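What follows is a short report on a single structure.
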Amino acid sequence: AGRRGRAKARPVTALPRCPEEPVLLAELKPGRPQQYDWKSSCETWSVAFSPDGSWFAWSQGHCLVKLIPWPLEEAELCKTSDRKSHGGKAEARSRGGAKEKTLECGQIVWGLAFSAWPAAGDLDGAVGLSCLVLATGLNDGQIKVWEVQTGHLLFSLLGHQDVVRDLSFAPNGSLILVSASRDKTLRVWDLSRDGRRLGRQVQVLSGHMQWVYCCSISPDCSMLCSAAGEKSALLWSMRSYTCVIMWDPYTGEQLRTLRHVPLHSALDYSSDVHTSSLRSVCFSPEGLYLATVADDRLLRIWALELRSPVAFAPMTNGLCCMYFPHGGFIATGTRDGHVQFWTAPRVLSSLKHLCRKALRTFLTTYQVLALPIPRKLKEFLTYRTF
């Protein structure tokens with residue numbers, strides 16, 4: 001790695017492994033910026049892929065975010081057919097002149113979120129092409145929003161009184177942004193380009209009693225989920241901003257419990273490791289797998305129909321994980337400031353699952369249960385059976 005923190009991909013030669021285990025493909029290590037103390041705040045608290053899979057963002061510590069065109073040129077991450085299909089546009093952009101960028105945020109970066117910026121007039125009223133923006137949640141409560149291609153800071157959002165721990169853009173491209181903070185609130189922002197109202201704060205959501213660690217907007221943009229230190233998960237309506245505590249987003253039924261028990265007696269667990277401490281969770285793009293990173297030094301991959309992991313790999317000091325939008329890879333960040341890329345199980349979704357996924361984008365659990373269809377079909381559509 002270069003002196004100024006230039007990211008380099010280091011291909012990893014893996015030993016023969018069980019086919020179920022994720023294989024470590026490449027690792028990125030930060031350089032050592034001279035103006036910061038190397039031992040302070042080097043954690044990779046967040047990683048993110050852009051929705052189209054063309055950029056990877058890495059909060060590599062020391063108040064820096066690295067923006068890297070995808071796929072990585074020096075790592076053999078796309079040898080499969082994915083290179084020709086989903087990886088095509090990303091590869092073309094990388095080879096077409098997109099270059100790695102460093103964003104100097106001035107504060108420790110805790111959260112990252114991408115969104116497409118609609119084709120419309122830019123901030124000065126000129127006509128421009130659609131582009132990509134990245135929101136960064138900072139240690140001092142600010143949210144800075146950047147234009148990815150140029151690396152320019154577009155604006156800052158002020159309001160939070162403590163660390164902005166997580167960010168979530170509405171998946172429909174409306175430029176609604178939700179932020180979660182240690183000040184025990186969530187805030188909803190409208191970043192649409194309507195002149196003076198750019199970056200307007202829409203709502204402050206107060207309901208948690210402790211630090212809010214994470215937030216996520218549902219795929220249909222109807223609900224917001226947030227989790228905090230008091231061991232609660234709250235669901236909010238994105239229309240009325242009212243709060244409900246539940247697991248199934250409509251009925252409150254707990255559908256699955258996945259327990260992070262030790263997987264192998266031979267694994268070495270020191271006395272200060274709490275196997276119940278879960279750092280990060282993410283769904284695979286097709287919705288059939290779940291990846292988790294815990295303090296017991298393991299990356300686990302779960303199939304939702306099973307109650308034990310289908311794959312796992314040793315991982316030291318893991319803090320976050322994120323699936324590539326088109327599947328096949330998982331990016332993880334560590335307390336040492338590194339990023340690692342792992343293989344992930346690929347699956348061809350069944351027609352049944354695709355139909356269920358499409359149907360549940362507009363029907364609630366109660367509406368499904370009211371349909372004049374067989375009971376077993378209702379159970380499948382409401383995820384009681386997989």
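Just so we're on the same page: first chain in the structure tokens is A, next is B, and so on; residues restart at 1 for each chain, and ligands are numbered from 1 in the order they show up.
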
What lies within 8 Å of A:Thr332 using only C-alpha atoms, ignoring chain neighbours under 2 positions off, as a VMD selection string?
chain A and resid 47 318 to 322 330 334 339 to 341

Residues of the last selection are to be written out with C-alpha atoms, as a short mmCIF file (atom, residue, chain, number, x, y, z; two decimals), in the first residue's frame.
```cif
data_model
loop_
_atom_site.label_atom_id
_atom_site.label_comp_id
_atom_site.auth_asym_id
_atom_site.auth_seq_id
_atom_site.Cartn_x
_atom_site.Cartn_y
_atom_site.Cartn_z
CA VAL A 47 -18.53 -0.95 3.20
CA GLY A 318 -14.96 -8.39 11.62
CA LEU A 319 -17.18 -5.30 11.83
CA CYS A 320 -19.38 -5.21 8.71
CA CYS A 321 -20.48 -7.23 5.69
CA MET A 322 -22.22 -6.47 2.40
CA ILE A 330 -19.38 -10.68 0.01
CA THR A 334 -12.36 -5.31 9.90
CA VAL A 339 -11.49 -5.05 3.45
CA GLN A 340 -11.81 -8.68 2.39
CA PHE A 341 -13.74 -10.18 -0.53
#
```

Residues within 8 Å of A:Val148, only C-alpha atoms, excluding chain neighbours under 4 positions, as a compact mmCIF listing (two decimals) with C-alpha atoms, in the first residue's frame:
```
# COMPACT_ATOMS: atom_id res chain seq x y z
CA LEU A 67 -14.04 4.91 -3.87
CA CYS A 131 -24.97 10.28 -11.79
CA LEU A 132 -24.24 8.53 -8.53
CA VAL A 133 -24.01 10.05 -5.04
CA LEU A 134 -22.54 8.72 -1.80
CA HIS A 152 -16.85 16.66 -5.23
```

Just to confirm, what's the straight-line distance from atom CA of A:Thr361 to atom CA of A:Ala344 in Å (one decimal)?
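Going from atom CA of A:Thr361 over to atom CA of A:Ala344 covers 25.6 Å.
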
Selection near A:Thr242, 12 Å with only C-alpha atoms, sequence-local residues under 3 positions removed, as a PyMOL selection string:
chain A and resi 203-207+222-225+234-239+245

Would you mind exporting the chosen residues as a PDB file, in the first residue's frame, restricted to N, CA and C atoms?
```pdb
ATOM      1  N   GLN A 203     -38.336  14.770   8.814  1.00  0.00           N
ATOM      2  CA  GLN A 203     -38.888  14.260  10.057  1.00  0.00           C
ATOM      3  C   GLN A 203     -37.777  13.842  11.008  1.00  0.00           C
ATOM      4  N   VAL A 204     -38.000  14.015  12.299  1.00  0.00           N
ATOM      5  CA  VAL A 204     -37.147  13.467  13.340  1.00  0.00           C
ATOM      6  C   VAL A 204     -37.940  12.368  14.038  1.00  0.00           C
ATOM      7  N   LEU A 205     -37.390  11.142  14.077  1.00  0.00           N
ATOM      8  CA  LEU A 205     -38.089  10.001  14.659  1.00  0.00           C
ATOM      9  C   LEU A 205     -37.470   9.673  16.019  1.00  0.00           C
ATOM     10  N   SER A 206     -38.255   9.825  17.073  1.00  0.00           N
ATOM     11  CA  SER A 206     -37.790   9.552  18.429  1.00  0.00           C
ATOM     12  C   SER A 206     -38.626   8.419  19.013  1.00  0.00           C
ATOM     13  N   GLY A 207     -37.952   7.379  19.442  1.00  0.00           N
ATOM     14  CA  GLY A 207     -38.650   6.229  19.996  1.00  0.00           C
ATOM     15  C   GLY A 207     -37.690   5.310  20.717  1.00  0.00           C
ATOM     16  N   SER A 222     -42.140   1.269   1.860  1.00  0.00           N
ATOM     17  CA  SER A 222     -43.279   1.559   2.728  1.00  0.00           C
ATOM     18  C   SER A 222     -42.899   1.596   4.197  1.00  0.00           C
ATOM     19  N   MET A 223     -41.776   0.941   4.549  1.00  0.00           N
ATOM     20  CA  MET A 223     -41.418   0.825   5.961  1.00  0.00           C
ATOM     21  C   MET A 223     -39.937   1.079   6.181  1.00  0.00           C
ATOM     22  N   LEU A 224     -39.629   1.490   7.405  1.00  0.00           N
ATOM     23  CA  LEU A 224     -38.262   1.701   7.851  1.00  0.00           C
ATOM     24  C   LEU A 224     -38.045   0.867   9.107  1.00  0.00           C
ATOM     25  N   CYS A 225     -36.950   0.130   9.147  1.00  0.00           N
ATOM     26  CA  CYS A 225     -36.604  -0.636  10.352  1.00  0.00           C
ATOM     27  C   CYS A 225     -35.376  -0.002  10.997  1.00  0.00           C
ATOM     28  N   LEU A 234     -37.463  -1.447  15.868  1.00  0.00           N
ATOM     29  CA  LEU A 234     -38.699  -0.704  15.637  1.00  0.00           C
ATOM     30  C   LEU A 234     -38.956  -0.616  14.144  1.00  0.00           C
ATOM     31  N   LEU A 235     -40.229  -0.738  13.774  1.00  0.00           N
ATOM     32  CA  LEU A 235     -40.639  -0.521  12.396  1.00  0.00           C
ATOM     33  C   LEU A 235     -41.462   0.750  12.325  1.00  0.00           C
ATOM     34  N   TRP A 236     -41.155   1.570  11.321  1.00  0.00           N
ATOM     35  CA  TRP A 236     -41.832   2.844  11.139  1.00  0.00           C
ATOM     36  C   TRP A 236     -42.509   2.862   9.774  1.00  0.00           C
ATOM     37  N   SER A 237     -43.697   3.439   9.723  1.00  0.00           N
ATOM     38  CA  SER A 237     -44.341   3.665   8.440  1.00  0.00           C
ATOM     39  C   SER A 237     -43.661   4.834   7.747  1.00  0.00           C
ATOM     40  N   MET A 238     -43.267   4.645   6.487  1.00  0.00           N
ATOM     41  CA  MET A 238     -42.630   5.732   5.742  1.00  0.00           C
ATOM     42  C   MET A 238     -43.658   6.734   5.215  1.00  0.00           C
ATOM     43  N   ARG A 239     -44.935   6.470   5.478  1.00  0.00           N
ATOM     44  CA  ARG A 239     -45.986   7.413   5.062  1.00  0.00           C
ATOM     45  C   ARG A 239     -46.407   8.311   6.222  1.00  0.00           C
ATOM     46  N   ILE A 245     -43.517  -2.119  16.930  1.00  0.00           N
ATOM     47  CA  ILE A 245     -42.445  -3.063  17.256  1.00  0.00           C
ATOM     48  C   ILE A 245     -42.846  -4.433  16.737  1.00  0.00           C
TER      49      ILE A 245
END
```

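Residues surrounding stretch 154-165 of chain A within 7 Å are A:Trp110, A:Gly111, A:Gly137, A:Leu138, A:Asn139, A:Asp140, A:Gly141, A:Gln142, A:Ile143, A:Lys144, A:Val145, A:Trp146, A:Glu147, A:Ser179, A:Ala180, A:Ser181, A:Arg182, A:Asp183, A:Gly199, A:Tyr213, A:Cys214 [only C-alpha atoms; sequence separation below 6 positions excluded].
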
For the residues selected in the previous step, produce a file with C-alpha atoms as an mmCIF file, in the first residue's frame.
```
data_model
loop_
_atom_site.group_PDB
_atom_site.id
_atom_site.type_symbol
_atom_site.label_atom_id
_atom_site.label_comp_id
_atom_site.auth_asym_id
_atom_site.auth_seq_id
_atom_site.Cartn_x
_atom_site.Cartn_y
_atom_site.Cartn_z
ATOM 1 C CA TRP A 110 -19.263 5.379 10.392
ATOM 2 C CA GLY A 111 -21.903 4.919 7.673
ATOM 3 C CA GLY A 137 -22.227 9.545 8.213
ATOM 4 C CA LEU A 138 -19.583 11.189 10.400
ATOM 5 C CA ASN A 139 -18.380 11.208 13.984
ATOM 6 C CA ASP A 140 -19.525 14.795 14.671
ATOM 7 C CA GLY A 141 -23.131 14.224 13.552
ATOM 8 C CA GLN A 142 -22.721 15.609 10.032
ATOM 9 C CA ILE A 143 -23.789 13.820 6.871
ATOM 10 C CA LYS A 144 -21.715 14.722 3.831
ATOM 11 C CA VAL A 145 -23.045 13.902 0.355
ATOM 12 C CA TRP A 146 -20.544 13.423 -2.488
ATOM 13 C CA GLU A 147 -20.730 13.110 -6.258
ATOM 14 C CA SER A 179 -29.925 8.488 9.132
ATOM 15 C CA ALA A 180 -29.480 6.658 12.457
ATOM 16 C CA SER A 181 -27.487 8.277 15.255
ATOM 17 C CA ARG A 182 -26.102 7.857 18.734
ATOM 18 C CA ASP A 183 -28.255 10.852 19.698
ATOM 19 C CA GLY A 199 -31.346 18.595 1.708
ATOM 20 C CA TYR A 213 -27.060 1.562 15.437
ATOM 21 C CA CYS A 214 -28.702 0.774 12.106
#
```

Backbone-only DSSP, strand (DSSP E) members of stretch 36-71 of chain A, as a PDB file with N, CA, C and O atoms, in the first residue's frame:
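So part_23.pdb came out as:
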```
ATOM      1  N   VAL A  47     -18.863  -0.729   4.606  1.00  0.00           N
ATOM      2  CA  VAL A  47     -18.529  -0.952   3.205  1.00  0.00           C
ATOM      3  C   VAL A  47     -19.826  -0.910   2.411  1.00  0.00           C
ATOM      4  O   VAL A  47     -20.902  -1.207   2.945  1.00  0.00           O
ATOM      5  N   ALA A  48     -19.748  -0.547   1.132  1.00  0.00           N
ATOM      6  CA  ALA A  48     -20.973  -0.459   0.331  1.00  0.00           C
ATOM      7  C   ALA A  48     -20.649  -0.633  -1.147  1.00  0.00           C
ATOM      8  O   ALA A  48     -19.589  -0.191  -1.621  1.00  0.00           O
ATOM      9  N   PHE A  49     -21.557  -1.280  -1.868  1.00  0.00           N
ATOM     10  CA  PHE A  49     -21.523  -1.340  -3.324  1.00  0.00           C
ATOM     11  C   PHE A  49     -22.601  -0.413  -3.870  1.00  0.00           C
ATOM     12  O   PHE A  49     -23.693  -0.302  -3.294  1.00  0.00           O
ATOM     13  N   TRP A  55     -19.259   0.621  -8.445  1.00  0.00           N
ATOM     14  CA  TRP A  55     -18.343   1.241  -7.487  1.00  0.00           C
ATOM     15  C   TRP A  55     -18.419   0.518  -6.151  1.00  0.00           C
ATOM     16  O   TRP A  55     -19.479   0.014  -5.749  1.00  0.00           O
ATOM     17  N   PHE A  56     -17.283   0.519  -5.468  1.00  0.00           N
ATOM     18  CA  PHE A  56     -17.195  -0.004  -4.105  1.00  0.00           C
ATOM     19  C   PHE A  56     -16.683   1.111  -3.209  1.00  0.00           C
ATOM     20  O   PHE A  56     -15.705   1.791  -3.549  1.00  0.00           O
ATOM     21  N   ALA A  57     -17.346   1.330  -2.068  1.00  0.00           N
ATOM     22  CA  ALA A  57     -16.936   2.361  -1.105  1.00  0.00           C
ATOM     23  C   ALA A  57     -16.459   1.693   0.172  1.00  0.00           C
ATOM     24  O   ALA A  57     -17.082   0.755   0.670  1.00  0.00           O
ATOM     25  N   TRP A  58     -15.376   2.229   0.705  1.00  0.00           N
ATOM     26  CA  TRP A  58     -14.682   1.613   1.840  1.00  0.00           C
ATOM     27  C   TRP A  58     -14.280   2.713   2.813  1.00  0.00           C
ATOM     28  O   TRP A  58     -13.464   3.577   2.502  1.00  0.00           O
ATOM     29  N   SER A  59     -14.887   2.699   4.020  1.00  0.00           N
ATOM     30  CA  SER A  59     -14.487   3.684   5.033  1.00  0.00           C
ATOM     31  C   SER A  59     -13.266   3.129   5.753  1.00  0.00           C
ATOM     32  O   SER A  59     -13.373   2.452   6.759  1.00  0.00           O
ATOM     33  N   GLN A  60     -12.108   3.422   5.214  1.00  0.00           N
ATOM     34  CA  GLN A  60     -10.894   2.740   5.651  1.00  0.00           C
ATOM     35  C   GLN A  60     -10.256   3.341   6.899  1.00  0.00           C
ATOM     36  O   GLN A  60      -9.156   2.995   7.272  1.00  0.00           O
ATOM     37  N   GLY A  61     -10.978   4.212   7.579  1.00  0.00           N
ATOM     38  CA  GLY A  61     -10.433   4.816   8.788  1.00  0.00           C
ATOM     39  C   GLY A  61      -9.675   6.096   8.500  1.00  0.00           C
ATOM     40  O   GLY A  61      -9.527   6.520   7.347  1.00  0.00           O
ATOM     41  N   LEU A  64     -11.100   8.902   6.145  1.00  0.00           N
ATOM     42  CA  LEU A  64     -11.052   8.747   4.696  1.00  0.00           C
ATOM     43  C   LEU A  64     -12.088   7.739   4.213  1.00  0.00           C
ATOM     44  O   LEU A  64     -12.435   6.788   4.903  1.00  0.00           O
ATOM     45  N   VAL A  65     -12.581   7.972   2.999  1.00  0.00           N
ATOM     46  CA  VAL A  65     -13.375   6.983   2.273  1.00  0.00           C
ATOM     47  C   VAL A  65     -12.696   6.755   0.934  1.00  0.00           C
ATOM     48  O   VAL A  65     -12.333   7.716   0.243  1.00  0.00           O
ATOM     49  N   LYS A  66     -12.505   5.497   0.596  1.00  0.00           N
ATOM     50  CA  LYS A  66     -11.924   5.148  -0.693  1.00  0.00           C
ATOM     51  C   LYS A  66     -13.042   4.699  -1.626  1.00  0.00           C
ATOM     52  O   LYS A  66     -13.866   3.849  -1.282  1.00  0.00           O
ATOM     53  N   LEU A  67     -13.091   5.303  -2.819  1.00  0.00           N
ATOM     54  CA  LEU A  67     -14.039   4.913  -3.869  1.00  0.00           C
ATOM     55  C   LEU A  67     -13.275   4.172  -4.950  1.00  0.00           C
ATOM     56  O   LEU A  67     -12.340   4.718  -5.550  1.00  0.00           O
ATOM     57  N   ILE A  68     -13.668   2.928  -5.205  1.00  0.00           N
ATOM     58  CA  ILE A  68     -12.908   2.063  -6.097  1.00  0.00           C
ATOM     59  C   ILE A  68     -13.818   1.558  -7.209  1.00  0.00           C
ATOM     60  O   ILE A  68     -14.873   0.959  -6.932  1.00  0.00           O
ATOM     61  N   PRO A  69     -13.460   1.774  -8.503  1.00  0.00           N
ATOM     62  CA  PRO A  69     -14.253   1.203  -9.599  1.00  0.00           C
ATOM     63  C   PRO A  69     -14.263  -0.317  -9.501  1.00  0.00           C
ATOM     64  O   PRO A  69     -13.257  -0.935  -9.158  1.00  0.00           O
TER      65      PRO A  69
END
```

Selection: 10 Å around A:Glu104, only C-alpha atoms, excl. self and same-chain fewer than 2 positions, as a list in words
His62, Cys63, Leu64, Val65, Lys66, Lys101, Thr102, Gly106, Gln107, Ile108, Val109, Gly151 and Leu153 of chain A

Using only C-alpha atoms, which of the listed residues (A:Thr185, A:Thr150, A:Ser284, A:Ser308) sits closest to A:Trp211?
A:Thr185
